[in-house]
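> Got a structure for you, written out below as structure tokens; questions coming shortly.
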Amino acid sequence: MSQTAREPHRHEVIVIGAGVSGIYQIKRLTDLGIDAIVLEGDDDLGGTWYRNRYPGARFDSESYTYGYSFSQEVLDEWDWKERFSAQPENLRYLNFVADKFNLRQHMRFRARVNAMSWDEDAREWTIELVSGESYVARFVITSLGPLSMPTLPNYDGMAEFNGKSFHTYHWPKEPIALEGRRVGVIGTGATGIQVVGELADKVGELKVFQRRPNWSSPLNNSPISKSEMATIRSRYDEIFAQCAESPGGFEHVPDWRGFWNLSADERREFWDHLYTEPGFAILVANFAEIFFDEAANQEMSEYVADRIRQRVDDPVLAEKLIPRDHGFGMQRLPLETNYFEAYNRDNVHLVDLSEAPIERITPSGIQTTVVHHDLDVIIYATGFDAITGGYDRIDIRGVDAQSLADRWSDSPRTFMGVLAHGFPNMLMVAGPQSVSGSTNFPRAIETGVDWVTNLLAHTRAGGCTRIEATAEAEQRWVDEVVRAHERMMFRRSKGWFTGYNSNVAGHHEGTIRYQAYFGGAPRYAAHVAEVAANHYPGIAFA
Ligand code: NA7
């Protein structure tokens with residue numbers, strides 16, 4: 001039926017975002033027979049895995065710990081083919097899950113939400129799309145994704161570049177001819193490091209524009225054979241139980257022997273082993289002291305620096321690739337495949353922006369303060385307005401038309417990352433100050449979706465039509481988030497974990513935003529479970 005401006009579409013629940021969390025959320029809601037739909041801005045489902053099509057995009061989490069755990073059928077039927085599966089396969093997986101449960105029928109694509117406002121009298125949200133269409137719902141569940149708002153630098157001349165240029169998040173769907181081309185990559189975060197490792201031997205010339213080096217260690221990916229997959233399948237219960245016990249939501253668990261109980265030689269021997277282990281083992285199966293004890297962290301950093309020196313032929317270049325302003329694991333650790341070896345190739349060059357910053361983009365390349373780099377393609381791997389960016393781009397107005405973006409301008413404030421005082425009936429999955437930004441994402445979102453669904457069921461069963469976190473409960477959670485954050489050494493580092501982004505006003509160095517909960521997934525899960533078991537203290541039902 002066509003819609004006029006006076007006839008909004010009505011549903012009891014509207015979910016915003018058809019990524020990893022939105023897919024599971026709509027499954028849970030429709031299983032309960034709730035009238036719910038998903039509004040998705042893109043033209044298909046998949047969120048992060050729909051968007052990030054850049055070469056080298058793949059999981060840093062073991063594939064079988066990233067997949068959903070909620071359906072035995074999915075676990076039985078889906079075979080992971082690589083330990084760290086790549087974007088095309090990950091998108092196929094999400095489509096497989098959505099199609100298996102016929103979830104597409106509940107999704108509206110090209111439905112980008114522009115604004116939403118709370119009507120206190122009606123106890124409803126009105127949601128306006130960019131297209132002008134509108135929806136009304138009793139409850140809104142935001143599953144916006146923590147990394148869905150890409151940010152570009154603001155260099156003069158960016159629009160005048162004659163070649164192709166794009167942010168990695170907007171990598172085009174159609175194939176790009178890169179063979180023989182002169183390609184520039186700006187940014188050396190997790191994304192830039194994946195791109196460089198993948199493209200080094202596929203392009204004519206690759207110039208990597210590095211403002212600050214990042215610590216990075218090997219991903220150690222490998223294929224998963226049929227028989228290995230069968231073993232994994234038989235161990236799923238154990239694997240997910242292990243993830244639930246690990247602070248990061250991974251199957252790797254910290255080593256509790258005690259950093260200082262071992263000799264320096266024993267520690268090095270252990271790290272030699274971890275360096276060849278898959279994924280985040282080197283971070284999360286390491287001694288916990290490296291996150292809290294400066295001396296422990298320094299020794300670990302020196303170990304990884306030596307590894308970089310061993311892998312990069314040119315000793316001067318190797319030193320430029322070693323971070324000096326933060327220790328190992330103090331920002332989100334990128335995992336790499338042949339990243340450091342790429343610099344041993346004749347066609348790959350590091351452009352150290354700390355020596356000569358970018359002055360402007362020209363029609364034919366990048367001008368630094370000392371030299372012009374001729375380029376055919378510029379890849380912006382410049383990161384995201386993380387965790388709160390997806391919220392800030394929607395004009396969200398709560399009680400008395402207060403703006404969520406204004407309320408969060410210094411730092412987000414939430415009750416367990418799920419509710420915000422002053423914004424009734426808005427439930428966040430993977431929201432700010434939950435653990436989803438700080439741990440293995442799907443493990444945390446399954447906790448989040450289940451919790452939100454149970455809260456909704458509880459609210460409906462009690463005949464209530466309005467829920468809101470109290471100001472006191474929100475403040476208590478913010479205090480807990482700050483406490484957990486202040487314990488971590490990385491509180492001083494410049495990365496998206498602490499809300500730093502030089503391209504976003506108010507997110508610059510020196511401003512700490514308490515974006516995520518760093519108390520660990522088990523503590524978070526226990527906390528939210530306790531709140532539910534005690535009939536939701538801190539939430540006002542009406
Ligand atoms: P990140 O980790 O935020 O990295 C962004 C990179 O881009 C980082 O190296 C930045 O340097 C660099 N950057 C940003 N702006 C500029 C400008 N203006 N000039 C030069 N360099 C710049 O984003 P990623 O996409 O790599 O990773 C995000 C997450 O996605 C990742 O953690 C995974 O969870 C998936 P800086 O360090 O700020 O000096």
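Residues are referred to by chain and number: the chain letter is A, B, ... according to the order shown in the structure tokens, the number counts from 1 in that chain, and ligands are numbered separately from 1 in the order shown.
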Select from chain A every residue with an atom at most 6 Å from any atom of ligand 1, then for each give the shortest pair of atoms and their distance in Å to one decimal, using only C-alpha atoms and all ligand atoms, rows by chain and rising number, as a tab-separated table.


residue	atom	partner	partner_atom_place_in_ligand_line	distance
A:Pro153	CA	ligand 1	18 (N)	4.2
A:Ile186	CA	ligand 1	21 (N)	5.4
A:Gly187	CA	ligand 1	7 (O)	3.3
A:Thr188	CA	ligand 1	9 (O)	3.7
A:Gly189	CA	ligand 1	26 (O)	3.2
A:Ala190	CA	ligand 1	26 (O)	3.8
A:Thr191	CA	ligand 1	26 (O)	3.7
A:Gly192	CA	ligand 1	26 (O)	5.4
A:Arg211	CA	ligand 1	39 (O)	4.6
A:Arg212	CA	ligand 1	39 (O)	4.5
A:Arg332	CA	ligand 1	32 (O)	5.3
A:Ala381	CA	ligand 1	7 (O)	5.4
A:Thr382	CA	ligand 1	7 (O)	3.4
A:Gly383	CA	ligand 1	23 (O)	3.2
A:Phe384	CA	ligand 1	3 (O)	5.9
A:Trp496	CA	ligand 1	3 (O)	5.6

> Filtering to N, CA, C and O atoms, could you give me those residues as a PDB file, in the first residue's frame?


ATOM      1  N   PRO A 153      39.413  12.049   6.253  1.00  0.00           N
ATOM      2  CA  PRO A 153      40.140  13.255   6.639  1.00  0.00           C
ATOM      3  C   PRO A 153      39.568  14.460   5.900  1.00  0.00           C
ATOM      4  O   PRO A 153      38.712  14.316   5.022  1.00  0.00           O
ATOM      5  N   ILE A 186      45.965   5.506   2.876  1.00  0.00           N
ATOM      6  CA  ILE A 186      46.145   6.397   4.030  1.00  0.00           C
ATOM      7  C   ILE A 186      45.558   5.702   5.251  1.00  0.00           C
ATOM      8  O   ILE A 186      44.382   5.337   5.259  1.00  0.00           O
ATOM      9  N   GLY A 187      46.396   5.506   6.276  1.00  0.00           N
ATOM     10  CA  GLY A 187      45.910   4.877   7.506  1.00  0.00           C
ATOM     11  C   GLY A 187      46.522   3.506   7.722  1.00  0.00           C
ATOM     12  O   GLY A 187      46.600   2.691   6.787  1.00  0.00           O
ATOM     13  N   THR A 188      46.948   3.259   8.939  1.00  0.00           N
ATOM     14  CA  THR A 188      47.575   1.978   9.280  1.00  0.00           C
ATOM     15  C   THR A 188      46.939   1.400  10.536  1.00  0.00           C
ATOM     16  O   THR A 188      47.615   0.957  11.464  1.00  0.00           O
ATOM     17  N   GLY A 189      45.597   1.434  10.582  1.00  0.00           N
ATOM     18  CA  GLY A 189      44.857   0.716  11.622  1.00  0.00           C
ATOM     19  C   GLY A 189      44.628  -0.713  11.139  1.00  0.00           C
ATOM     20  O   GLY A 189      45.261  -1.182  10.176  1.00  0.00           O
ATOM     21  N   ALA A 190      43.678  -1.408  11.789  1.00  0.00           N
ATOM     22  CA  ALA A 190      43.401  -2.805  11.431  1.00  0.00           C
ATOM     23  C   ALA A 190      43.063  -2.933   9.947  1.00  0.00           C
ATOM     24  O   ALA A 190      43.475  -3.879   9.267  1.00  0.00           O
ATOM     25  N   THR A 191      42.333  -1.942   9.418  1.00  0.00           N
ATOM     26  CA  THR A 191      41.910  -2.004   8.024  1.00  0.00           C
ATOM     27  C   THR A 191      43.093  -1.786   7.080  1.00  0.00           C
ATOM     28  O   THR A 191      43.330  -2.588   6.166  1.00  0.00           O
ATOM     29  N   GLY A 192      43.835  -0.686   7.280  1.00  0.00           N
ATOM     30  CA  GLY A 192      44.969  -0.388   6.407  1.00  0.00           C
ATOM     31  C   GLY A 192      45.965  -1.538   6.382  1.00  0.00           C
ATOM     32  O   GLY A 192      46.493  -1.908   5.324  1.00  0.00           O
ATOM     33  N   ARG A 211      50.634   7.883   9.615  1.00  0.00           N
ATOM     34  CA  ARG A 211      50.800   8.995  10.547  1.00  0.00           C
ATOM     35  C   ARG A 211      51.444   8.495  11.840  1.00  0.00           C
ATOM     36  O   ARG A 211      52.365   9.090  12.356  1.00  0.00           O
ATOM     37  N   ARG A 212      50.927   7.366  12.331  1.00  0.00           N
ATOM     38  CA  ARG A 212      51.529   6.719  13.518  1.00  0.00           C
ATOM     39  C   ARG A 212      51.542   5.221  13.249  1.00  0.00           C
ATOM     40  O   ARG A 212      50.532   4.676  12.797  1.00  0.00           O
ATOM     41  N   ARG A 332      43.501  -1.017  19.732  1.00  0.00           N
ATOM     42  CA  ARG A 332      42.954  -2.227  19.129  1.00  0.00           C
ATOM     43  C   ARG A 332      44.060  -2.854  18.271  1.00  0.00           C
ATOM     44  O   ARG A 332      44.581  -2.219  17.355  1.00  0.00           O
ATOM     45  N   ALA A 381      41.862   4.466   4.500  1.00  0.00           N
ATOM     46  CA  ALA A 381      41.618   3.483   5.571  1.00  0.00           C
ATOM     47  C   ALA A 381      41.680   4.241   6.890  1.00  0.00           C
ATOM     48  O   ALA A 381      42.462   3.920   7.784  1.00  0.00           O
ATOM     49  N   THR A 382      40.855   5.287   6.964  1.00  0.00           N
ATOM     50  CA  THR A 382      41.014   6.279   8.030  1.00  0.00           C
ATOM     51  C   THR A 382      40.046   6.106   9.198  1.00  0.00           C
ATOM     52  O   THR A 382      39.922   7.006  10.028  1.00  0.00           O
ATOM     53  N   GLY A 383      39.374   4.981   9.258  1.00  0.00           N
ATOM     54  CA  GLY A 383      38.652   4.643  10.477  1.00  0.00           C
ATOM     55  C   GLY A 383      37.228   5.161  10.572  1.00  0.00           C
ATOM     56  O   GLY A 383      36.612   5.561   9.580  1.00  0.00           O
ATOM     57  N   PHE A 384      36.731   5.144  11.801  1.00  0.00           N
ATOM     58  CA  PHE A 384      35.294   5.344  12.060  1.00  0.00           C
ATOM     59  C   PHE A 384      35.061   6.291  13.228  1.00  0.00           C
ATOM     60  O   PHE A 384      35.888   6.391  14.128  1.00  0.00           O
ATOM     61  N   TRP A 496      40.349   4.218  18.835  1.00  0.00           N
ATOM     62  CA  TRP A 496      38.886   4.336  18.880  1.00  0.00           C
ATOM     63  C   TRP A 496      38.286   3.749  20.151  1.00  0.00           C
ATOM     64  O   TRP A 496      37.175   4.091  20.528  1.00  0.00           O
TER      65      TRP A 496
END

> So that I can check the surroundings of Gly67 of chain A, please list as a ChimeraX atom specification every protein, DNA and RNA residue that reaches within 10 Å of it, counting only C-alpha atoms and ignoring chain neighbours fewer than 6 positions away.

/A:20,61,74-75,78,80,90,93-94,97,441-443

> Please determine, counting only C-alpha atoms, which residue among A:Leu206, A:Ala540, A:Val370, A:Leu333 has the shortest atom-to-atom distance to Ile358 of chain A.

A:Val370

> Leaving out Pro88 of chain A and any residue of its chain fewer than 3 positions from it, which residues lie within 10 Å of it when counting only C-alpha atoms, given as a PyMOL selection string?

chain A and resi 49-50+52-53+57-58+85+91-93

> Which residue out of A:Pro8, A:Gly437, A:Pro363, A:Pro334 has the minimum interatomic distance to Gly132 of chain A when only C-alpha atoms are used?

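Nearest to Gly132 of chain A: A:Pro8.
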
> Choose the residue, out of A:His167, A:His11, A:Arg181, A:Lys494, that has the smallest atom-to-atom separation from His106 of chain A; count only C-alpha atoms.

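Comparing A:His167, A:His11, A:Arg181, A:Lys494 against His106 of chain A, the winner is A:His11.
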
> Can you tell me how far atom CA of Leu199 of chain A sits from atom CA of Glu62 of chain A, in Å to one decimal?

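Atom CA of Glu62 of chain A lies at a distance of 22.7 Å from atom CA of Leu199 of chain A.
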
> Where does segment 267-297 of chain A meet segment 216-240 of chain A within 7 Å, residue by residue, with the nearest atom pair and distance in Å to one decimal for each, counting only C-alpha atoms, listed by chain and rising number, as a tab-separated table?


residue	atom	partner	partner_atom	distance
A:Tyr275	CA	A:Pro218	CA	6.9
A:Thr276	CA	A:Asn220	CA	6.6
A:Glu277	CA	A:Asn220	CA	6.5
A:Pro278	CA	A:Asn220	CA	4.7
A:Gly279	CA	A:Leu219	CA	4.9
